[in-house]
$ cat entry.cif   # mmCIF, C-alpha atoms
data_my_file
loop_
_atom_site.label_atom_id
_atom_site.label_comp_id
_atom_site.auth_asym_id
_atom_site.auth_seq_id
_atom_site.Cartn_x
_atom_site.Cartn_y
_atom_site.Cartn_z
CA MET Q 30 9.65 17.77 -40.84
CA LYS Q 31 8.96 14.85 -38.53
CA PRO Q 32 11.38 12.03 -37.71
CA CYS Q 33 10.82 8.68 -39.43
CA ASN Q 34 8.96 5.80 -37.85
CA VAL Q 35 12.07 4.51 -36.10
CA THR Q 36 11.87 7.03 -33.22
CA GLU Q 37 10.79 4.43 -30.68
CA MET Q 38 13.64 2.24 -31.87
CA ILE Q 39 16.05 5.13 -31.32
CA SER Q 40 15.02 5.17 -27.67
CA SER Q 41 15.62 1.40 -27.45
CA LEU Q 42 18.96 1.82 -29.24
CA ILE Q 43 20.09 4.28 -26.54
CA ASP Q 44 19.17 1.67 -23.93
CA GLY Q 45 20.98 -1.14 -25.79
CA GLU Q 46 17.74 -3.10 -26.00
CA LEU Q 47 17.68 -3.80 -29.75
CA SER Q 48 18.68 -7.05 -31.38
CA PRO Q 49 22.05 -6.92 -33.24
CA LYS Q 50 20.18 -6.89 -36.55
CA ASP Q 51 17.92 -3.96 -35.54
CA THR Q 52 20.84 -2.12 -33.98
CA GLU Q 53 22.72 -2.30 -37.25
CA SER Q 54 19.71 -1.22 -39.30
CA VAL Q 55 18.89 1.77 -37.04
CA ARG Q 56 22.53 2.86 -36.93
CA GLN Q 57 22.60 2.74 -40.72
CA HIS Q 58 19.42 4.84 -40.84
CA LEU Q 59 20.90 7.43 -38.47
CA GLU Q 60 23.83 7.90 -40.83
CA ASP Q 61 21.48 8.65 -43.70
CA CYS Q 62 18.72 10.64 -41.93
CA VAL Q 63 19.58 14.04 -40.42
CA ILE Q 64 16.24 14.38 -38.62
CA CYS Q 65 16.55 11.04 -36.86
CA ARG Q 66 20.15 11.79 -35.96
CA LYS Q 67 18.98 15.04 -34.33
CA GLU Q 68 16.33 13.09 -32.48
CA PHE Q 69 18.96 10.63 -31.28
CA ASP Q 70 21.16 13.49 -30.03
CA ALA Q 71 18.23 15.20 -28.30
CA LEU Q 72 17.20 12.01 -26.47
CA LYS Q 73 20.81 11.37 -25.45
CA SER Q 74 20.97 14.93 -24.09
CA VAL Q 75 17.83 14.31 -22.02
CA ASP Q 76 19.52 11.30 -20.44
CA ASN Q 77 22.70 13.24 -19.74
CA LEU Q 78 20.73 16.12 -18.26
CA LEU Q 79 18.86 13.81 -15.92
CA ARG Q 80 22.10 12.19 -14.81
CA ASP Q 81 23.40 15.63 -13.85
CA VAL Q 82 21.06 15.70 -10.86
CA LYS Q 83 23.16 14.80 -7.86
CA PRO Q 84 22.07 11.88 -5.68
CA VAL Q 85 21.06 12.59 -2.08
CA GLU Q 86 22.59 10.97 0.98
CA PRO Q 87 20.42 9.52 3.78
CA SER Q 88 19.85 12.02 6.59
CA TYR Q 89 21.62 11.31 9.89
CA ASP Q 90 18.45 10.01 11.55
CA PHE Q 91 17.16 7.92 8.64
CA ALA Q 92 18.39 4.60 10.05
CA ARG Q 93 17.38 5.54 13.61
CA GLY Q 94 13.88 6.47 12.43
CA PHE Q 95 13.61 3.17 10.60
CA TRP Q 96 14.62 1.05 13.62
CA LYS Q 97 12.17 2.99 15.75
CA LYS Q 98 9.42 1.94 13.34
CA VAL Q 99 10.68 -1.66 13.53
CA ASP Q 100 10.50 -1.53 17.35
CA ALA Q 101 6.94 -0.21 17.16
CA LEU Q 102 6.09 -3.01 14.73
CA ASP Q 103 7.59 -5.66 17.03
CA ALA Q 104 5.73 -4.23 20.04
CA ARG Q 105 2.46 -4.39 18.13
CA LYS Q 106 3.22 -7.97 17.10
CA THR Q 107 3.96 -8.99 20.70
CA LYS Q 108 0.65 -7.47 21.79
CA THR Q 109 -1.23 -9.36 19.07
CA ASP Q 110 0.50 -12.62 19.99
CA ALA Q 111 -0.46 -12.12 23.66
CA ARG Q 112 -4.08 -11.61 22.65
CA LYS Q 113 -3.96 -14.83 20.61
CA THR Q 114 -2.57 -16.77 23.59
CA LYS Q 115 -5.38 -15.44 25.79
CA LYS Q 116 -7.92 -16.58 23.25
CA SER Q 117 -6.42 -20.06 23.17
CA LEU Q 118 -7.61 -20.58 26.79
CA TRP Q 119 -10.87 -21.53 25.10
CA PRO Q 120 -9.57 -24.49 23.13
CA ILE Q 121 -12.99 -25.92 22.23
CA PHE Q 122 -14.14 -22.70 20.64
CA ASN Q 123 -10.81 -22.17 18.99
CA ASP Q 124 -11.00 -25.64 17.44
CA PHE Q 125 -14.38 -24.99 15.88
CA SER Q 126 -14.64 -22.92 12.82
CA TRP Q 127 -17.06 -19.98 12.89
CA GLY Q 128 -19.43 -21.94 10.64
CA LEU Q 129 -19.86 -24.68 13.25
CA ARG Q 130 -20.39 -22.44 16.27
CA PRO Q 131 -24.11 -21.64 15.66
CA SER Q 132 -24.93 -25.38 15.45
CA LEU Q 133 -23.09 -25.96 18.71
CA VAL Q 134 -25.08 -23.23 20.46
CA SER Q 135 -28.40 -24.57 19.06
CA ALA Q 136 -27.64 -28.11 20.26
CA ALA Q 137 -26.84 -26.81 23.75
CA ALA Q 138 -30.13 -24.83 23.82
CA VAL Q 139 -32.20 -27.92 22.83
CA ILE Q 140 -30.54 -30.03 25.57
CA LEU Q 141 -31.19 -27.33 28.20
CA ILE Q 142 -34.89 -27.01 27.22
CA ALA Q 143 -35.41 -30.79 27.28
CA ALA Q 144 -33.71 -31.15 30.69
CA GLY Q 145 -35.71 -28.23 32.10
CA THR Q 146 -39.01 -29.74 30.92
CA VAL Q 147 -38.22 -33.12 32.51
CA ILE Q 148 -37.22 -31.54 35.82
CA PHE Q 149 -40.34 -29.33 35.87
CA TYR Q 150 -42.80 -32.18 35.35
CA ARG Q 151 -41.09 -34.46 37.85
CA SER Q 152 -41.20 -31.85 40.62
CA ALA Q 153 -44.79 -30.59 39.89
CA PRO Q 154 -47.47 -31.09 42.72
CA PRO Q 155 -50.32 -33.67 42.23
CA ALA Q 156 -53.20 -32.48 40.09
CA LEU Q 157 -56.17 -30.74 41.94
CA ASP Q 158 -59.92 -31.40 41.61
CA PRO Q 159 -61.05 -29.36 38.52
CA THR Q 160 -64.15 -27.93 40.34
CA GLY Q 161 -62.05 -26.82 43.31
CA MET Q 162 -59.59 -25.18 40.93
CA LEU Q 163 -62.44 -23.35 39.15
CA ILE Q 164 -63.79 -22.03 42.46
CA ALA Q 165 -60.30 -21.00 43.57
CA GLU Q 166 -59.77 -19.12 40.30
CA ASN Q 167 -63.13 -17.29 40.68
CA MET Q 168 -62.86 -16.46 44.39
CA ALA Q 169 -61.90 -12.89 43.62
CA LEU Q 170 -64.92 -12.52 41.31
CA TYR Q 171 -67.29 -13.96 43.88
CA SER Q 172 -65.85 -11.65 46.49
CA ASP Q 173 -66.29 -8.60 44.23
CA TYR Q 174 -69.99 -9.27 43.80
CA GLU Q 175 -70.51 -9.97 47.55
CA ILE Q 176 -71.71 -13.46 46.69
CA ILE Q 177 -69.51 -15.01 49.33
CA ASP Q 178 -70.73 -12.65 52.07
CA ASN Q 179 -74.38 -13.55 51.39
CA LEU Q 180 -73.85 -17.25 50.90
CA GLU Q 181 -75.95 -17.98 54.02
CA LEU Q 182 -78.99 -16.64 52.09
CA PHE Q 183 -78.59 -19.51 49.65
CA GLU Q 184 -78.81 -22.08 52.45
CA ASN Q 185 -82.58 -21.29 52.86
CA TRP Q 186 -83.22 -20.47 49.23
CA GLU Q 187 -86.29 -22.73 48.94
CA GLU Q 188 -87.98 -21.16 52.04
CA ILE Q 189 -87.35 -17.69 50.67
CA ILE Q 190 -88.99 -18.58 47.36
CA LYS Q 191 -91.96 -19.94 49.23
CA LEU Q 192 -92.27 -16.68 51.20
CA ASP Q 193 -92.26 -14.75 47.91
CA GLU Q 194 -95.07 -16.93 46.59
CA ILE Q 195 -97.19 -15.99 49.64
CA MET U 17 21.97 -20.52 -12.35
CA SER U 18 19.05 -19.74 -10.04
CA PRO U 19 19.01 -16.32 -8.39
CA ARG U 20 19.16 -18.12 -5.05
CA LYS U 21 22.66 -19.41 -5.77
CA SER U 22 24.13 -16.53 -7.73
CA ASP U 23 22.97 -13.43 -5.83
CA PRO U 24 24.75 -12.73 -2.51
CA ASP U 25 21.94 -10.38 -1.49
CA VAL U 26 19.45 -13.21 -1.84
CA GLN U 27 21.68 -15.22 0.51
CA LEU U 28 21.64 -12.35 3.03
CA MET U 29 17.85 -12.18 2.86
CA LEU U 30 17.64 -15.95 3.37
CA CYS U 31 19.91 -15.62 6.43
CA PHE U 32 17.52 -12.99 7.76
CA LYS U 33 14.61 -15.30 7.04
CA ASP U 34 16.36 -17.90 9.22
CA GLY U 35 16.59 -15.38 12.07
CA ASP U 36 19.95 -13.69 11.48
CA GLU U 37 19.16 -9.97 11.72
CA ASP U 38 22.69 -9.14 10.62
CA GLY U 39 21.72 -10.20 7.10
CA PHE U 40 19.01 -7.57 7.05
CA ARG U 41 21.31 -4.90 8.50
CA LYS U 42 23.80 -5.49 5.67
CA LEU U 43 21.05 -5.22 3.05
CA PHE U 44 19.70 -2.07 4.70
CA SER U 45 23.14 -0.51 4.68
CA LYS U 46 23.76 -1.46 1.04
CA TYR U 47 20.41 -0.36 -0.39
CA GLN U 48 19.37 2.62 1.74
CA THR U 49 20.95 5.30 -0.48
CA GLN U 50 19.69 3.66 -3.70
CA ILE U 51 16.14 3.36 -2.46
CA ILE U 52 16.05 6.88 -1.00
CA ASN U 53 17.28 8.22 -4.34
CA PHE U 54 14.74 6.21 -6.29
CA CYS U 55 11.97 7.63 -4.10
CA PHE U 56 13.46 11.12 -4.22
CA ARG U 57 13.55 11.09 -8.03
CA PHE U 58 9.98 9.90 -8.03
CA CYS U 59 8.56 12.50 -5.61
CA SER U 60 11.18 15.30 -5.54
CA ASP U 61 10.63 15.75 -1.82
CA ARG U 62 13.52 14.81 0.44
CA GLN U 63 11.51 14.15 3.61
CA LEU U 64 8.80 12.25 1.78
CA ALA U 65 11.46 10.21 -0.04
CA GLU U 66 12.93 9.08 3.29
CA ASP U 67 9.48 8.18 4.62
CA LEU U 68 8.78 6.16 1.48
CA ALA U 69 12.18 4.44 1.71
CA GLN U 70 11.53 3.52 5.36
CA GLU U 71 8.21 2.02 4.30
CA VAL U 72 10.03 -0.03 1.63
CA PHE U 73 12.47 -1.45 4.21
CA LEU U 74 9.64 -2.13 6.66
CA ARG U 75 7.90 -4.18 3.98
CA VAL U 76 11.11 -6.10 3.33
CA TYR U 77 11.49 -6.68 7.08
CA ARG U 78 7.92 -7.93 7.42
CA ALA U 79 8.10 -10.11 4.30
CA ALA U 80 11.13 -12.09 5.53
CA LYS U 81 9.09 -15.06 6.83
CA ARG U 82 7.45 -15.65 3.48
CA TYR U 83 10.41 -14.65 1.28
CA ARG U 84 11.04 -16.98 -1.66
CA PRO U 85 13.77 -15.92 -4.08
CA LYS U 86 12.40 -15.85 -7.60
CA ALA U 87 14.52 -13.00 -8.94
CA ARG U 88 17.58 -10.99 -8.01
CA PHE U 89 17.19 -9.28 -4.65
CA SER U 90 17.52 -5.85 -6.28
CA THR U 91 14.63 -6.62 -8.64
CA TRP U 92 12.51 -7.68 -5.68
CA ILE U 93 13.26 -4.66 -3.47
CA TYR U 94 12.68 -2.25 -6.36
CA ARG U 95 9.36 -3.92 -7.08
CA ILE U 96 8.38 -3.08 -3.50
CA ALA U 97 9.71 0.46 -3.95
CA VAL U 98 7.67 0.91 -7.14
CA ASN U 99 4.51 -0.23 -5.35
CA VAL U 100 5.15 2.04 -2.37
CA CYS U 101 5.81 5.07 -4.59
CA LEU U 102 2.81 4.50 -6.86
CA ASN U 103 0.44 3.95 -3.94
CA GLU U 104 1.76 6.85 -1.92
CA SER U 105 1.58 9.15 -4.92
CA ARG U 106 -2.15 8.44 -5.07
CA LYS U 107 -2.57 9.37 -1.41
CA LEU U 108 -0.41 12.45 -1.68
CA LYS U 109 -1.77 13.69 -5.00
CA LYS U 110 -3.58 16.53 -3.30
CA ARG U 111 -0.44 17.64 -1.53
CA TYR U 112 1.49 17.57 -4.79
CA LEU U 113 -1.12 19.68 -6.52
CA THR U 114 -0.90 22.37 -3.86
CA GLN U 115 2.80 22.75 -4.55
CA SER U 116 3.86 24.92 -7.43
CA ILE U 117 4.61 22.14 -9.88
CA ASP U 118 3.09 24.16 -12.67
CA ARG U 119 5.43 27.06 -12.07
CA PRO U 120 6.66 28.10 -15.54
CA PHE U 121 10.26 27.19 -16.23
CA ALA U 122 12.75 29.94 -16.70
CA ASN U 123 13.87 29.73 -20.30
CA ALA U 124 17.19 30.64 -21.82
CA ASP U 125 16.09 34.22 -22.47
CA ASP U 126 15.09 34.73 -18.84
CA GLN U 127 18.44 33.50 -17.69
CA GLY U 128 20.12 35.83 -20.17
CA ASN U 129 18.19 38.81 -18.82
CA ARG U 130 19.25 38.05 -15.30
CA LEU U 131 22.96 38.13 -16.08
CA PRO U 132 24.60 41.25 -14.64
CA GLU U 133 26.23 43.61 -17.04
CA TYR U 134 29.54 43.59 -15.19
CA GLN U 135 30.85 40.48 -13.50
CA ASP U 136 33.75 39.66 -11.27
CA GLU U 137 35.04 36.11 -10.69
CA ASN U 138 33.07 35.56 -7.49
CA GLN U 139 29.89 36.68 -9.15
CA ILE U 140 30.47 34.28 -12.05
CA SER U 141 30.99 31.45 -9.62
CA ALA U 142 27.88 32.36 -7.62
CA ASP U 143 25.83 32.77 -10.77
CA GLY U 144 27.15 29.48 -12.09
CA MET U 145 26.07 27.73 -8.91
CA MET U 146 22.71 29.40 -9.03
CA ALA U 147 22.22 28.45 -12.68
CA SER U 148 23.21 24.88 -11.91
CA ARG U 149 20.79 24.71 -8.99
CA GLN U 150 18.07 26.26 -11.11
CA ARG U 151 18.67 23.71 -13.86
CA GLU U 152 18.49 20.91 -11.32
CA GLU U 153 15.16 22.24 -10.08
CA GLN U 154 13.86 22.37 -13.64
CA ILE U 155 14.86 18.76 -14.23
CA LYS U 156 13.20 17.65 -10.98
CA ALA U 157 10.05 19.56 -11.88
CA ALA U 158 10.06 18.05 -15.39
CA LEU U 159 10.36 14.57 -13.91
CA LYS U 160 7.57 15.26 -11.46
CA ASN U 161 5.32 16.39 -14.30
CA LEU U 162 5.67 13.05 -16.07
CA PRO U 163 2.76 10.61 -15.71
CA LYS U 164 3.74 8.39 -12.79
CA GLN U 165 4.27 5.16 -14.76
CA GLN U 166 6.49 6.93 -17.29
CA ARG U 167 8.36 8.51 -14.37
CA VAL U 168 8.99 5.17 -12.69
CA ALA U 169 10.16 3.55 -15.92
CA VAL U 170 12.44 6.46 -16.83
CA VAL U 171 13.97 6.63 -13.32
CA LEU U 172 14.58 2.86 -13.22
CA ARG U 173 16.20 2.96 -16.65
CA ILE U 174 18.21 6.17 -16.60
CA TYR U 175 19.31 6.32 -12.96
CA ASN U 176 19.35 2.67 -11.98
CA GLU U 177 20.18 1.23 -15.40
CA PHE U 178 17.89 -1.77 -15.12
CA SER U 179 17.13 -3.71 -18.29
CA TYR U 180 13.66 -3.56 -19.84
CA SER U 181 12.96 -7.09 -18.63
CA GLU U 182 13.88 -6.20 -15.04
CA ILE U 183 11.77 -3.03 -15.17
CA ALA U 184 8.88 -5.07 -16.56
CA SER U 185 9.17 -7.39 -13.58
CA GLN U 186 9.44 -4.51 -11.11
CA MET U 187 6.41 -2.74 -12.57
CA SER U 188 4.40 -5.90 -13.30
CA VAL U 189 3.91 -4.92 -16.96
CA SER U 190 5.14 -6.32 -20.29
CA GLU U 191 8.51 -5.44 -21.81
CA GLY U 192 6.69 -3.83 -24.73
CA LYS U 193 4.90 -1.51 -22.34
CA VAL U 194 8.21 -0.61 -20.66
CA LYS U 195 9.69 0.25 -24.06
CA THR U 196 6.74 2.55 -24.82
CA LEU U 197 6.74 4.15 -21.36
CA ILE U 198 10.43 5.02 -21.62
CA PHE U 199 10.08 6.30 -25.16
CA ARG U 200 7.12 8.52 -24.25
CA GLY U 201 8.82 9.66 -21.07
CA ARG U 202 11.88 10.76 -23.03
CA GLN U 203 9.71 12.58 -25.59
CA HIS U 204 7.82 14.33 -22.81
CA LEU U 205 11.06 15.37 -21.09
CA LYS U 206 12.54 16.56 -24.37
CA GLN U 207 9.57 18.91 -24.82
CA THR U 208 9.54 20.13 -21.22
CA LEU U 209 13.28 20.71 -21.03
CA LYS U 210 13.57 22.33 -24.45
CA GLY U 211 14.98 25.49 -22.91
CA VAL U 212 17.67 23.64 -21.00
CA LEU U 213 18.85 21.18 -23.68
#

$ encode --input "entry.cif" --output "C-alpha cells"
Amino acid sequence: MKPCNVTEMISSLIDGELSPKDTESVRQHLEDCVICRKEFDALKSVDNLLRDVKPVEPSYDFARGFWKKVDALDARKTKTDARKTKKSLWPIFNDFSWGLRPSLVSAAAVILIAAGTVIFYRSAPPALDPTGMLIAENMALYSDYEIIDNLELFENWEEIIKLDEI
Amino acid sequence: MSPRKSDPDVQLMLCFKDGDEDGFRKLFSKYQTQIINFCFRFCSDRQLAEDLAQEVFLRVYRAAKRYRPKARFSTWIYRIAVNVCLNESRKLKKRYLTQSIDRPFANADDQGNRLPEYQDENQISADGMMASRQREEQIKAALKNLPKQQRVAVVLRIYNEFSYSEIASQMSVSEGKVKTLIFRGRQHLKQTLKGVL
C-alpha cells in the first residue's frame, strides 16, 4: 500500500517549512494513517543517518595552499597592470575606441597620398619635346635593326634611288 | 533590518572591500571548515573538496571590489560554493565515473555473514568501528549517487540547516523547486539506504 498524497508535505514538515495550519493538518493525518507515519519515521531516519557522518577538519596546509594561490593571483594582477601602464604610453590610441581607429588610419593615408602627389609634381623636370621623347624611347629598337648604324645611307637616299632607276 | 546592518560577517566583508585584509582573514577562519565540509559532502573526495573550497575563497577574495550586500554573508558564500561544486562536477564527471560509485552496497545479510562465530571484546570493538566506517562509506556513496541538484539541496538542508528560501537563493531556483528537490532526494536516499535504515 502506498502512502497518501501528503508525502511531500511530510518532508516539509520535517524541515519545519509548513504553515501552522498545514502543520496541524499533517500531524493529525499522521496520527490516523499508519503508512504515512512509517514514511515520516523512515525520512527522519534518513536525516539522522546522514548526520552521523562526521565532519572533516581542514588539512594542515589548506590555508597555506590558499594564500599561495592568492599570491599567484596578485602577481598575475601586477603583471596585467604593468602591461596596461605600458599601453597607456600611447594616449591618443588609448583614447580612441576600436571603432574609430580604422577611420583615423584612412584619413592619415589620404593626407599622405595628397602630400606626396603635390611634392612629386612640384619637383618634376620640365616637359620634353614629344618627338625627341619618341625617338629616345625607340633608340633600342632602332639599334636592334641596325638602322642607326646605316643612317648615313639615308643622307643620299634620292641619289641611290636614281642609280636604281638607271 | 538590512543584511548590511545586522550581519557581522557582511561588515567584515565590507571592511575587506575597503582594504582591510584582516576582515577577510576572519571570514576565512570562520567559514573554512563549513565550506570544506559542504564540498566534501558534495563530492566525497577529501582532496577535491579542499581544492573546491580554495576556489570558493578565491572567488570571494576576487569579488571584494564589487561586493554589495544583498543577503546574509553565509547565503552569499554558499551561493558561490554551490556554483563551484556544480561546475566542477561537470568537469570531473569522467573522473567520478571511473571510481567505483556503482559498487553494490553491503546489505544487512552480508554484514551478518561476516560476523565471526566467537568474539572477544577487542574484536567487537574493531568490528564495531569497521561497521561504522562501512556505514559511513555507504552514506557517502548514496549521497554521491543523488542527482547533483538534489544532492546540493539535501546537503544544504540537512547538514547546514538553511531554510528553503535561503537554499532557493543559493541555488537560484524557486522555493517550490527546493521543496521538490529535497523531497525527491530523501526518497532516493531512503531507497538506496534501505539496508542501513

$ axis_aligned_box --input "entry.cif" --around "range 34-43 of chain Q" --padding-each-side "3 Å" --output "lines of an AutoDock Vina configuration file"
center_x = 14.5
center_y = 4.2
center_z = -32.2
size_x = 17.1
size_y = 11.6
size_z = 17.3

$ interface_residues --input "entry.cif" --of "chain Q" --to "chain U" --cutoff "9 Å" --atoms "all atoms listed in the file" --output "PDB file with C-alpha atoms, in the frame of the given file"
ATOM      1  CA  THR Q  36      11.870   7.030 -33.220  1.00  0.00           C
ATOM      2  CA  GLU Q  37      10.790   4.430 -30.680  1.00  0.00           C
ATOM      3  CA  MET Q  38      13.640   2.240 -31.870  1.00  0.00           C
ATOM      4  CA  ILE Q  39      16.050   5.130 -31.320  1.00  0.00           C
ATOM      5  CA  SER Q  40      15.020   5.170 -27.670  1.00  0.00           C
ATOM      6  CA  SER Q  41      15.620   1.400 -27.450  1.00  0.00           C
ATOM      7  CA  ASP Q  44      19.170   1.670 -23.930  1.00  0.00           C
ATOM      8  CA  GLY Q  45      20.980  -1.140 -25.790  1.00  0.00           C
ATOM      9  CA  GLU Q  46      17.740  -3.100 -26.000  1.00  0.00           C
ATOM     10  CA  ALA Q  71      18.230  15.200 -28.300  1.00  0.00           C
ATOM     11  CA  LEU Q  72      17.200  12.010 -26.470  1.00  0.00           C
ATOM     12  CA  SER Q  74      20.970  14.930 -24.090  1.00  0.00           C
ATOM     13  CA  VAL Q  75      17.830  14.310 -22.020  1.00  0.00           C
ATOM     14  CA  ASP Q  76      19.520  11.300 -20.440  1.00  0.00           C
ATOM     15  CA  ASN Q  77      22.700  13.240 -19.740  1.00  0.00           C
ATOM     16  CA  LEU Q  78      20.730  16.120 -18.260  1.00  0.00           C
ATOM     17  CA  LEU Q  79      18.860  13.810 -15.920  1.00  0.00           C
ATOM     18  CA  ARG Q  80      22.100  12.190 -14.810  1.00  0.00           C
ATOM     19  CA  ASP Q  81      23.400  15.630 -13.850  1.00  0.00           C
ATOM     20  CA  VAL Q  82      21.060  15.700 -10.860  1.00  0.00           C
ATOM     21  CA  LYS Q  83      23.160  14.800  -7.860  1.00  0.00           C
ATOM     22  CA  PRO Q  84      22.070  11.880  -5.680  1.00  0.00           C
ATOM     23  CA  VAL Q  85      21.060  12.590  -2.080  1.00  0.00           C
ATOM     24  CA  GLU Q  86      22.590  10.970   0.980  1.00  0.00           C
ATOM     25  CA  PRO Q  87      20.420   9.520   3.780  1.00  0.00           C
ATOM     26  CA  SER Q  88      19.850  12.020   6.590  1.00  0.00           C
ATOM     27  CA  PHE Q  91      17.160   7.920   8.640  1.00  0.00           C
ATOM     28  CA  ALA Q  92      18.390   4.600  10.050  1.00  0.00           C
ATOM     29  CA  GLY Q  94      13.880   6.470  12.430  1.00  0.00           C
ATOM     30  CA  PHE Q  95      13.610   3.170  10.600  1.00  0.00           C
ATOM     31  CA  LYS Q  98       9.420   1.940  13.340  1.00  0.00           C
ATOM     32  CA  VAL Q  99      10.680  -1.660  13.530  1.00  0.00           C
ATOM     33  CA  LEU Q 102       6.090  -3.010  14.730  1.00  0.00           C
TER      34      LEU Q 102
END

$ atom_distance --input "entry.cif" --atom1 "CA of Val72 in chain U" --atom2 "CA of Tyr94 in chain U"
8.7 Å

$ atom_distance --input "entry.cif" --atom1 "CA of Leu133 in chain Q" --atom2 "CA of Ala111 in chain Q"
27.0 Å

$ atom_distance --input "entry.cif" --atom1 "CA of Met187 in chain U" --atom2 "CA of Val98 in chain U"
6.7 Å

$ closest_residue --input "entry.cif" --among "U:Glu37, U:Leu30, U:Phe58, U:Gly192" --to "Asn103 in chain U" --atoms "only C-alpha atoms"
U:Phe58

$ residues_around --input "entry.cif" --residues "Ser188 in chain U" --least-positions-apart "3" --cutoff "10 Å" --atoms "only C-alpha atoms" --output "number ranges by chain"
U: 95, 98-99, 182-185, 191, 194

$ build_atoms --input "entry.cif" --residues "range 43-65 of chain U" --atoms "N, CA and C atoms" --output "PDB file, keeping the file's coordinate frame"
ATOM      1  N   LEU U  43      21.861  -5.622   4.212  1.00  0.00           N
ATOM      2  CA  LEU U  43      21.050  -5.220   3.050  1.00  0.00           C
ATOM      3  C   LEU U  43      20.567  -3.785   3.201  1.00  0.00           C
ATOM      4  N   PHE U  44      20.181  -3.440   4.421  1.00  0.00           N
ATOM      5  CA  PHE U  44      19.700  -2.070   4.700  1.00  0.00           C
ATOM      6  C   PHE U  44      20.813  -1.075   4.387  1.00  0.00           C
ATOM      7  N   SER U  45      21.999  -1.402   4.877  1.00  0.00           N
ATOM      8  CA  SER U  45      23.140  -0.510   4.680  1.00  0.00           C
ATOM      9  C   SER U  45      23.488  -0.379   3.192  1.00  0.00           C
ATOM     10  N   LYS U  46      23.399  -1.478   2.462  1.00  0.00           N
ATOM     11  CA  LYS U  46      23.760  -1.460   1.040  1.00  0.00           C
ATOM     12  C   LYS U  46      22.734  -0.708   0.181  1.00  0.00           C
ATOM     13  N   TYR U  47      21.455  -0.876   0.506  1.00  0.00           N
ATOM     14  CA  TYR U  47      20.410  -0.360  -0.390  1.00  0.00           C
ATOM     15  C   TYR U  47      19.799   0.964   0.048  1.00  0.00           C
ATOM     16  N   GLN U  48      20.097   1.442   1.257  1.00  0.00           N
ATOM     17  CA  GLN U  48      19.370   2.620   1.740  1.00  0.00           C
ATOM     18  C   GLN U  48      19.515   3.834   0.815  1.00  0.00           C
ATOM     19  N   THR U  49      20.738   4.110   0.370  1.00  0.00           N
ATOM     20  CA  THR U  49      20.950   5.300  -0.480  1.00  0.00           C
ATOM     21  C   THR U  49      20.232   5.130  -1.825  1.00  0.00           C
ATOM     22  N   GLN U  50      20.335   3.918  -2.398  1.00  0.00           N
ATOM     23  CA  GLN U  50      19.690   3.660  -3.700  1.00  0.00           C
ATOM     24  C   GLN U  50      18.177   3.849  -3.612  1.00  0.00           C
ATOM     25  N   ILE U  51      17.610   3.304  -2.555  1.00  0.00           N
ATOM     26  CA  ILE U  51      16.140   3.360  -2.460  1.00  0.00           C
ATOM     27  C   ILE U  51      15.677   4.792  -2.146  1.00  0.00           C
ATOM     28  N   ILE U  52      16.413   5.483  -1.278  1.00  0.00           N
ATOM     29  CA  ILE U  52      16.050   6.880  -1.000  1.00  0.00           C
ATOM     30  C   ILE U  52      16.106   7.696  -2.298  1.00  0.00           C
ATOM     31  N   ASN U  53      17.152   7.458  -3.094  1.00  0.00           N
ATOM     32  CA  ASN U  53      17.280   8.220  -4.340  1.00  0.00           C
ATOM     33  C   ASN U  53      16.200   7.872  -5.347  1.00  0.00           C
ATOM     34  N   PHE U  54      15.840   6.595  -5.393  1.00  0.00           N
ATOM     35  CA  PHE U  54      14.740   6.210  -6.290  1.00  0.00           C
ATOM     36  C   PHE U  54      13.470   6.966  -5.890  1.00  0.00           C
ATOM     37  N   CYS U  55      13.180   6.954  -4.582  1.00  0.00           N
ATOM     38  CA  CYS U  55      11.970   7.630  -4.100  1.00  0.00           C
ATOM     39  C   CYS U  55      12.064   9.139  -4.307  1.00  0.00           C
ATOM     40  N   PHE U  56      13.261   9.676  -4.076  1.00  0.00           N
ATOM     41  CA  PHE U  56      13.460  11.120  -4.220  1.00  0.00           C
ATOM     42  C   PHE U  56      13.240  11.549  -5.672  1.00  0.00           C
ATOM     43  N   ARG U  57      13.736  10.733  -6.623  1.00  0.00           N
ATOM     44  CA  ARG U  57      13.550  11.090  -8.030  1.00  0.00           C
ATOM     45  C   ARG U  57      12.095  10.917  -8.453  1.00  0.00           C
ATOM     46  N   PHE U  58      11.413  10.084  -7.726  1.00  0.00           N
ATOM     47  CA  PHE U  58       9.980   9.900  -8.030  1.00  0.00           C
ATOM     48  C   PHE U  58       9.164  11.072  -7.494  1.00  0.00           C
ATOM     49  N   CYS U  59       9.447  11.507  -6.234  1.00  0.00           N
ATOM     50  CA  CYS U  59       8.560  12.500  -5.610  1.00  0.00           C
ATOM     51  C   CYS U  59       9.170  13.897  -5.474  1.00  0.00           C
ATOM     52  N   SER U  60      10.483  14.002  -5.645  1.00  0.00           N
ATOM     53  CA  SER U  60      11.180  15.300  -5.540  1.00  0.00           C
ATOM     54  C   SER U  60      11.022  15.968  -4.182  1.00  0.00           C
ATOM     55  N   ASP U  61      10.786  15.184  -3.168  1.00  0.00           N
ATOM     56  CA  ASP U  61      10.630  15.750  -1.820  1.00  0.00           C
ATOM     57  C   ASP U  61      11.511  14.905  -0.890  1.00  0.00           C
ATOM     58  N   ARG U  62      12.514  15.533  -0.329  1.00  0.00           N
ATOM     59  CA  ARG U  62      13.520  14.810   0.440  1.00  0.00           C
ATOM     60  C   ARG U  62      12.909  14.041   1.635  1.00  0.00           C
ATOM     61  N   GLN U  63      12.091  14.762   2.413  1.00  0.00           N
ATOM     62  CA  GLN U  63      11.510  14.150   3.610  1.00  0.00           C
ATOM     63  C   GLN U  63      10.569  12.993   3.238  1.00  0.00           C
ATOM     64  N   LEU U  64       9.744  13.285   2.239  1.00  0.00           N
ATOM     65  CA  LEU U  64       8.800  12.250   1.780  1.00  0.00           C
ATOM     66  C   LEU U  64       9.560  11.036   1.244  1.00  0.00           C
ATOM     67  N   ALA U  65      10.660  11.305   0.521  1.00  0.00           N
ATOM     68  CA  ALA U  65      11.460  10.210  -0.040  1.00  0.00           C
ATOM     69  C   ALA U  65      11.984   9.305   1.073  1.00  0.00           C
TER      70      ALA U  65
END
